[in-house]
>>> print(open('entry01.pdb').read())   # PDB, C-alpha atoms
ATOM      1  CA  MET P  30      -0.341 -17.823  17.293
ATOM      2  CA  ALA P  31       2.751 -15.588  17.107
ATOM      3  CA  ARG P  32       2.238 -11.878  17.523
ATOM      4  CA  ARG P  33       2.484  -9.861  14.333
ATOM      5  CA  LEU P  34       5.680  -7.819  14.213
ATOM      6  CA  ARG P  35       5.226  -4.085  14.150
ATOM      7  CA  LEU P  36       6.412  -2.112  11.152
ATOM      8  CA  PHE P  37       8.403   0.907  12.285
ATOM      9  CA  ILE P  38      10.198   2.873   9.575
ATOM     10  CA  ALA P  39      12.038   6.117  10.259
ATOM     11  CA  GLY P  40      10.382   9.051   8.509
ATOM     12  CA  MET P  41       6.967   7.360   8.171
ATOM     13  CA  PRO P  42       3.955   8.108  10.410
ATOM     14  CA  TYR P  43       2.357   5.556  12.667
ATOM     15  CA  HIS P  44      -1.102   5.616  14.256
ATOM     16  CA  ILE P  45      -0.929   4.363  17.842
ATOM     17  CA  ILE P  46      -3.665   3.482  20.291
ATOM     18  CA  GLN P  47      -3.169   2.400  23.906
ATOM     19  CA  ARG P  48      -6.103   1.453  26.155
ATOM     20  CA  GLY P  49      -6.518   1.180  29.877
ATOM     21  CA  ASN P  50      -6.482  -2.333  31.291
ATOM     22  CA  ASN P  51      -9.993  -3.806  30.987
ATOM     23  CA  ARG P  52     -11.003  -0.439  29.478
ATOM     24  CA  ILE P  53     -10.670   1.293  32.865
ATOM     25  CA  PRO P  54     -10.320   5.103  32.863
ATOM     26  CA  VAL P  55      -6.722   6.298  32.715
ATOM     27  CA  PHE P  56      -7.563  10.007  32.909
ATOM     28  CA  LEU P  57      -9.783  11.128  35.787
ATOM     29  CA  ASN P  58      -9.418  14.920  35.695
ATOM     30  CA  GLY P  59      -7.725  17.780  33.877
ATOM     31  CA  ASP P  60      -4.475  17.411  35.834
ATOM     32  CA  ASP P  61      -4.083  13.864  34.519
ATOM     33  CA  TYR P  62      -4.469  14.938  30.893
ATOM     34  CA  SER P  63      -2.046  17.841  31.394
ATOM     35  CA  PHE P  64       0.579  15.650  33.065
ATOM     36  CA  PHE P  65       0.345  13.083  30.272
ATOM     37  CA  LEU P  66       0.925  15.760  27.625
ATOM     38  CA  GLU P  67       3.899  17.159  29.539
ATOM     39  CA  VAL P  68       5.464  13.690  29.699
ATOM     40  CA  LEU P  69       4.767  13.272  25.978
ATOM     41  CA  ARG P  70       6.656  16.516  25.324
ATOM     42  CA  GLU P  71       9.616  15.283  27.370
ATOM     43  CA  ALA P  72       9.580  11.855  25.729
ATOM     44  CA  LYS P  73       9.643  13.219  22.164
ATOM     45  CA  ILE P  74      12.741  15.237  23.038
ATOM     46  CA  LYS P  75      14.572  12.247  24.521
ATOM     47  CA  TYR P  76      13.521   9.910  21.715
ATOM     48  CA  PRO P  77      13.068  12.228  18.702
ATOM     49  CA  CYS P  78       9.704  11.815  17.007
ATOM     50  CA  ARG P  79       7.324  14.132  15.237
ATOM     51  CA  ILE P  80       3.922  14.246  16.893
ATOM     52  CA  TYR P  81       1.350  15.235  14.271
ATOM     53  CA  GLY P  82      -1.852  14.559  16.181
ATOM     54  CA  TYR P  83      -3.315  13.148  19.372
ATOM     55  CA  CYS P  84      -6.562  12.553  21.185
ATOM     56  CA  LEU P  85      -6.752  11.639  24.856
ATOM     57  CA  MET P  86      -9.984   9.877  25.746
ATOM     58  CA  ALA P  87     -11.012   8.794  29.253
ATOM     59  CA  ASN P  88      -9.823   5.196  28.864
ATOM     60  CA  HIS P  89      -7.369   5.348  25.947
ATOM     61  CA  PHE P  90      -5.242   7.630  23.799
ATOM     62  CA  HIS P  91      -4.345   8.009  20.123
ATOM     63  CA  LEU P  92      -1.143   9.381  18.612
ATOM     64  CA  LEU P  93      -0.080  10.060  15.030
ATOM     65  CA  ILE P  94       3.669   9.874  15.391
ATOM     66  CA  GLU P  95       6.718   9.651  13.135
ATOM     67  CA  PRO P  96      10.161   8.491  14.327
ATOM     68  CA  ILE P  97      13.137  10.636  13.368
ATOM     69  CA  GLN P  98      16.372   8.900  12.314
ATOM     70  CA  LYS P  99      15.820   5.753  14.409
ATOM     71  CA  LYS P 100      12.721   3.595  13.971
ATOM     72  CA  GLU P 101      13.088   2.355  17.568
ATOM     73  CA  ASN P 102      12.256   5.831  18.871
ATOM     74  CA  ILE P 103       8.517   5.109  18.760
ATOM     75  CA  SER P 104       8.746   2.100  21.062
ATOM     76  CA  LEU P 105      11.163   3.859  23.391
ATOM     77  CA  LEU P 106       8.960   6.947  23.547
ATOM     78  CA  ILE P 107       5.804   4.954  24.326
ATOM     79  CA  LYS P 108       7.646   2.896  26.941
ATOM     80  CA  LEU P 109       8.900   6.008  28.730
ATOM     81  CA  LEU P 110       5.530   7.742  28.425
ATOM     82  CA  GLY P 111       3.582   4.777  29.743
ATOM     83  CA  ALA P 112       5.912   3.998  32.635
ATOM     84  CA  LYS P 113       6.194   7.566  33.883
ATOM     85  CA  TYR P 114       2.455   8.138  33.633
ATOM     86  CA  VAL P 115       1.693   4.885  35.518
ATOM     87  CA  ARG P 116       3.958   5.953  38.380
ATOM     88  CA  TYR P 117       2.189   9.303  38.548
ATOM     89  CA  PHE P 118      -1.300   7.764  38.319
ATOM     90  CA  ASN P 119      -0.689   5.038  40.905
ATOM     91  CA  LYS P 120       0.816   7.466  43.380
ATOM     92  CA  ARG P 121      -1.923  10.058  42.894
ATOM     93  CA  TYR P 122      -4.782   7.588  43.274
ATOM     94  CA  LYS P 123      -3.098   5.267  45.799
ATOM     95  CA  ARG P 124      -3.247   2.199  43.598
ATOM     96  CA  SER P 125      -0.753  -0.376  42.332
ATOM     97  CA  GLY P 126      -0.319  -2.687  39.411
ATOM     98  CA  THR P 127      -0.708  -2.315  35.691
ATOM     99  CA  LEU P 128      -2.682   0.490  34.089
ATOM    100  CA  TRP P 129      -2.404  -0.342  30.389
ATOM    101  CA  GLU P 130      -3.942  -3.150  28.363
ATOM    102  CA  GLY P 131      -0.806  -4.984  27.284
ATOM    103  CA  ARG P 132       1.259  -3.708  24.373
ATOM    104  CA  PHE P 133       0.147  -0.681  22.418
ATOM    105  CA  ARG P 134      -1.389  -1.284  18.998
ATOM    106  CA  GLY P 135      -0.880   0.648  15.817
ATOM    107  CA  SER P 136      -0.595   0.870  12.058
ATOM    108  CA  LEU P 137       1.857   2.260   9.549
ATOM    109  CA  VAL P 138       0.174   5.108   7.646
ATOM    110  CA  ASP P 139       0.483   5.919   3.941
ATOM    111  CA  LYS P 140       1.375   9.601   4.154
ATOM    112  CA  GLU P 141       0.152  10.411   0.654
ATOM    113  CA  ALA P 142      -3.260   8.726   0.735
ATOM    114  CA  TYR P 143      -4.212   8.415   4.401
ATOM    115  CA  PHE P 144      -2.410  11.043   6.475
ATOM    116  CA  LEU P 145      -5.338  13.480   6.601
ATOM    117  CA  ILE P 146      -7.829  10.654   6.993
ATOM    118  CA  CYS P 147      -6.004   9.343  10.066
ATOM    119  CA  LEU P 148      -5.867  12.834  11.529
ATOM    120  CA  ARG P 149      -9.622  13.128  11.016
ATOM    121  CA  TYR P 150     -10.160   9.712  12.557
ATOM    122  CA  ILE P 151      -8.116  10.628  15.633
ATOM    123  CA  GLU P 152      -9.459  14.136  16.169
ATOM    124  CA  MET P 153     -13.092  13.171  15.572
ATOM    125  CA  ASN P 154     -13.052  10.517  18.309
ATOM    126  CA  PRO P 155     -14.913  12.696  20.850
ATOM    127  CA  VAL P 156     -17.647  13.441  18.289
ATOM    128  CA  ARG P 157     -18.121   9.786  17.324
ATOM    129  CA  ALA P 158     -18.268   8.887  21.020
ATOM    130  CA  ASN P 159     -20.952  11.552  21.593
ATOM    131  CA  ILE P 160     -18.736  13.317  24.122
ATOM    132  CA  SER P 161     -18.596  16.525  22.105
ATOM    133  CA  CYS P 162     -20.792  17.838  19.316
ATOM    134  CA  LEU P 163     -17.845  19.559  17.615
ATOM    135  CA  PRO P 164     -14.142  18.609  17.582
ATOM    136  CA  GLU P 165     -13.056  22.101  18.673
ATOM    137  CA  LEU P 166     -15.078  21.818  21.884
ATOM    138  CA  TYR P 167     -13.018  18.880  23.146
ATOM    139  CA  PRO P 168      -9.917  20.226  24.940
ATOM    140  CA  TRP P 169      -7.706  17.117  24.871
ATOM    141  CA  SER P 170      -7.077  16.643  21.157
ATOM    142  CA  SER P 171      -4.802  18.262  18.589
ATOM    143  CA  TYR P 172      -7.659  19.582  16.423
ATOM    144  CA  ARG P 173      -7.398  23.263  17.375
ATOM    145  CA  PHE P 174      -3.678  23.318  16.547
ATOM    146  CA  ARG P 175      -4.343  23.201  12.801
ATOM    147  CA  ALA P 176      -7.947  24.397  12.748
ATOM    148  CA  PHE P 177      -7.472  27.555  14.825
ATOM    149  CA  GLY P 178      -3.736  28.009  15.294
ATOM    150  CA  GLN P 179      -3.666  27.040  18.970
ATOM    151  CA  LYS P 180      -0.054  27.028  20.164
ATOM    152  CA  SER P 181       1.548  23.715  21.115
ATOM    153  CA  ASN P 182       4.994  22.665  22.325
ATOM    154  CA  ILE P 183       4.264  19.071  21.315
ATOM    155  CA  LEU P 184       2.790  19.142  17.820
ATOM    156  CA  GLU P 185       4.432  19.737  14.467
ATOM    157  CA  LEU P 186       2.996  20.726  11.117
ATOM    158  CA  ASP P 187       3.487  18.734   7.951
ATOM    159  CA  PRO P 188       4.106  19.689   4.285
ATOM    160  CA  TRP P 189       0.525  18.768   3.393
ATOM    161  CA  TYR P 190      -0.850  21.419   5.765
ATOM    162  CA  ASP P 191       1.490  24.077   4.409
ATOM    163  CA  SER P 192       0.149  23.405   0.914
ATOM    164  CA  LEU P 193      -3.470  24.170   1.885
ATOM    165  CA  GLY P 194      -3.167  27.913   1.307
ATOM    166  CA  TYR P 195      -0.909  30.941   1.089
ATOM    167  CA  SER P 196      -1.845  32.324   4.489
ATOM    168  CA  LEU P 197      -2.265  30.769   7.919
ATOM    169  CA  GLU P 198      -5.918  31.824   8.006
ATOM    170  CA  GLU P 199      -6.602  30.167   4.657
ATOM    171  CA  ARG P 200      -4.971  26.944   5.811
ATOM    172  CA  GLN P 201      -7.037  26.943   9.005
ATOM    173  CA  VAL P 202     -10.294  27.432   7.089
ATOM    174  CA  LYS P 203      -9.437  24.630   4.660
ATOM    175  CA  TYR P 204      -8.584  22.312   7.536
ATOM    176  CA  ARG P 205     -11.914  22.972   9.254
ATOM    177  CA  GLN P 206     -13.718  22.292   5.982
ATOM    178  CA  PHE P 207     -12.173  18.789   5.801
ATOM    179  CA  PHE P 208     -13.957  17.932   9.052
ATOM    180  CA  GLN P 209     -17.436  18.945   7.924
ATOM    181  CA  SER P 210     -18.151  15.502   6.466
ATOM    182  CA  LEU P 211     -17.903  12.204   8.297
ATOM    183  CA  LEU P 212     -15.568   9.446   7.195
ATOM    184  CA  PRO P 213     -17.269   6.523   5.427
ATOM    185  CA  GLU P 214     -17.955   3.514   7.632
ATOM    186  CA  ALA P 215     -15.693   1.376   5.446
ATOM    187  CA  THR P 216     -12.790   3.750   6.107
ATOM    188  CA  LEU P 217     -13.439   3.720   9.844
ATOM    189  CA  LYS P 218     -13.484  -0.085   9.772
ATOM    190  CA  LEU P 219     -10.233  -0.198   7.804
ATOM    191  CA  ILE P 220      -8.403   2.066  10.251
ATOM    192  CA  ARG P 221      -9.697   0.164  13.281
ATOM    193  CA  GLU P 222      -8.819  -3.227  11.823
ATOM    194  CA  MET P 223      -5.323  -2.284  10.693
ATOM    195  CA  THR P 224      -4.570  -0.514  13.970
ATOM    196  CA  ASN P 225      -5.660  -3.501  16.032
ATOM    197  CA  LYS P 226      -3.610  -5.864  13.852
ATOM    198  CA  ASN P 227      -0.456  -3.721  13.605
ATOM    199  CA  GLY P 228      -1.062  -3.524   9.868
ATOM    200  CA  ILE P 229      -0.868  -0.855   7.183
ATOM    201  CA  VAL P 230      -3.340   1.884   6.365
ATOM    202  CA  GLY P 231      -2.407   2.560   2.771
ATOM    203  CA  ASP P 232      -3.095   1.852  -0.871
ATOM    204  CA  VAL P 233      -1.847  -1.052  -2.994
ATOM    205  CA  ASP P 234       1.239   0.755  -4.275
ATOM    206  CA  PHE P 235       2.230   1.748  -0.747
ATOM    207  CA  LYS P 236       1.894  -1.859   0.458
ATOM    208  CA  ALA P 237       4.106  -3.033  -2.411
ATOM    209  CA  TYR P 238       6.685  -0.375  -1.584
ATOM    210  CA  ILE P 239       6.815  -1.395   2.079
ATOM    211  CA  GLU P 240       7.148  -5.072   1.155
ATOM    212  CA  HIS P 241      10.045  -4.204  -1.159
ATOM    213  CA  LEU P 242      11.650  -1.994   1.504
ATOM    214  CA  THR P 243      11.351  -4.464   4.365
ATOM    215  CA  LEU P 244      11.478  -7.763   2.424
ATOM    216  CA  ARG P 245       8.443  -8.829   4.445
ATOM    217  CA  LYS P 246       4.918  -9.854   3.544
ATOM    218  CA  VAL P 247       2.769  -7.099   5.000
ATOM    219  CA  SER P 248      -0.688  -7.550   3.477
ATOM    220  CA  ILE P 249      -3.671  -8.100   5.775
ATOM    221  CA  GLY P 250      -6.766  -8.266   3.633
ATOM    222  CA  PRO P 251      -7.671  -5.862   0.814
ATOM    223  CA  ILE P 252      -6.557  -2.276   1.162
ATOM    224  CA  GLY P 253      -7.446   0.328  -1.422
ATOM    225  CA  ARG P 254      -7.156   4.031  -1.934
ATOM    226  CA  PRO P 255      -9.910   5.973  -0.143
ATOM    227  CA  ARG P 256     -12.742   7.418  -2.213
ATOM    228  CA  SER P 257     -12.793  10.716  -0.376
ATOM    229  CA  GLY P 258     -11.021  12.697   2.276
ATOM    230  CA  LYS P 259      -8.321  14.556   0.385
TER     231      LYS P 259
END
>>> encode(input="entry01.pdb", output="structure tokens")
Amino acid sequence: MARRLRLFIAGMPYHIIQRGNNRIPVFLNGDDYSFFLEVLREAKIKYPCRIYGYCLMANHFHLLIEPIQKKENISLLIKLLGAKYVRYFNKRYKRSGTLWEGRFRGSLVDKEAYFLICLRYIEMNPVRANISCLPELYPWSSYRFRAFGQKSNILELDPWYDSLGYSLEERQVKYRQFFQSLLPEATLKLIREMTNKNGIVGDVDFKAYIEHLTLRKVSIGPIGRPRSGK
């Protein structure tokens, strides 16, 4: 069966996940996580993309990323990031060969209906995995950037966040409140399925718009607007 083509569109966010080969750990200590983030910072400068969110887990990572001007910037960024990190990892741990599980997977994200939901999905990974009881206690995600104003030379804010309140403190409080309830299981399943299939996380109107824009059939099963989360 032919592989499903990815949908990259400049100015639209994309949820990416890349796993270690055979689910092996790709981060073994704090230096590994820090090096990965530094390479991510360098890569987004070379291949301009907006990085809205991330979560680095022991054997995989998530990004919420949006290409600027050129849709190819996502693939180029991930290629540079993966290759440079593999060289570092293999040299540090005296190993050779592949580190990643094939091509990265991902989904185009409806910015209006699912942007916040995907951020919650990404930043709540450590809690769902029972690694951390609260998202702010996990050091290798983007959660504290919006929730507590932690400085970052990688992440960028979005218009939705700016609309949460008149002051930075108000916006931070509102953001933390969004994370007090868990996402419905159906929403989690939708995000996982679409990400694994390089599909679309969006409502019916968004799917129709993308099909009109790309002149491609993009539907993979029923996709509807979420019941909660905004």
>>> residues_around(input="entry01.pdb", residues="Gln179 (chain P)", least_positions_apart="5", cutoff="12 Å", atoms="all atoms listed in the file", output="MDAnalysis selection string")
chainID P and resid 165 168 170:174 184:185 197 201
>>> residues_around(input="entry01.pdb", residues="Arg205 (chain P)", least_positions_apart="3", cutoff="6 Å", atoms="only C-alpha atoms", output="ChimeraX atom specification")
/P:176,202,208
>>> write_last_selection(input="entry01.pdb", atoms="C-alpha atoms", output="PDB file, in the frame of the given file")
ATOM      1  CA  ALA P 176      -7.947  24.397  12.748  1.00  0.00           C
ATOM      2  CA  VAL P 202     -10.294  27.432   7.089  1.00  0.00           C
ATOM      3  CA  PHE P 208     -13.957  17.932   9.052  1.00  0.00           C
TER       4      PHE P 208
END
>>> closest_residue(input="entry01.pdb", among="P:Gly228, P:Gly59, P:Pro155, P:Pro42", to="Phe90 (chain P)", atoms="only C-alpha atoms")
P:Pro155
>>> closest_residue(input="entry01.pdb", among="P:Met223, P:Ala237, P:Leu244, P:Leu69", to="Leu85 (chain P)", atoms="all atoms listed in the file")
P:Leu69
>>> residues_around(input="entry01.pdb", residues="Val230 (chain P)", least_positions_apart="6", cutoff="8 Å", atoms="only C-alpha atoms", output="list in words")
Ser136, Leu137, Val138, Asp139, Tyr143, Leu219, Ile220, Met223 and Ile252 of chain P
>>> write_last_selection(input="entry01.pdb", atoms="C-alpha atoms", output="compact mmCIF listing (two decimals), keeping the file's coordinate frame")
# COMPACT_ATOMS: atom_id res chain seq x y z
CA SER P 136 -0.60 0.87 12.06
CA LEU P 137 1.86 2.26 9.55
CA VAL P 138 0.17 5.11 7.65
CA ASP P 139 0.48 5.92 3.94
CA TYR P 143 -4.21 8.41 4.40
CA LEU P 219 -10.23 -0.20 7.80
CA ILE P 220 -8.40 2.07 10.25
CA MET P 223 -5.32 -2.28 10.69
CA ILE P 252 -6.56 -2.28 1.16
>>> atom_distance(input="entry01.pdb", atom1="CA of Arg121 (chain P)", atom2="CA of Ile160 (chain P)")
25.4 Å
>>> atom_distance(input="entry01.pdb", atom1="CA of Ser192 (chain P)", atom2="CA of Arg149 (chain P)")
17.4 Å
>>> closest_residue(input="entry01.pdb", among="P:Leu66, P:Leu163, P:Ile151, P:Leu145", to="Tyr190 (chain P)", atoms="only C-alpha atoms")
P:Leu145
>>> closest_residue(input="entry01.pdb", among="P:Glu101, P:Tyr117, P:Glu130, P:Ala215", to="Asp60 (chain P)", atoms="all atoms listed in the file")
P:Tyr117
>>> atom_distance(input="entry01.pdb", atom1="CA of Lys99 (chain P)", atom2="CA of Gly131 (chain P)")
23.6 Å
>>> closest_residue(input="entry01.pdb", among="P:Glu67, P:Cys78, P:Leu106, P:Tyr204", to="Asn182 (chain P)", atoms="all atoms listed in the file")
P:Glu67
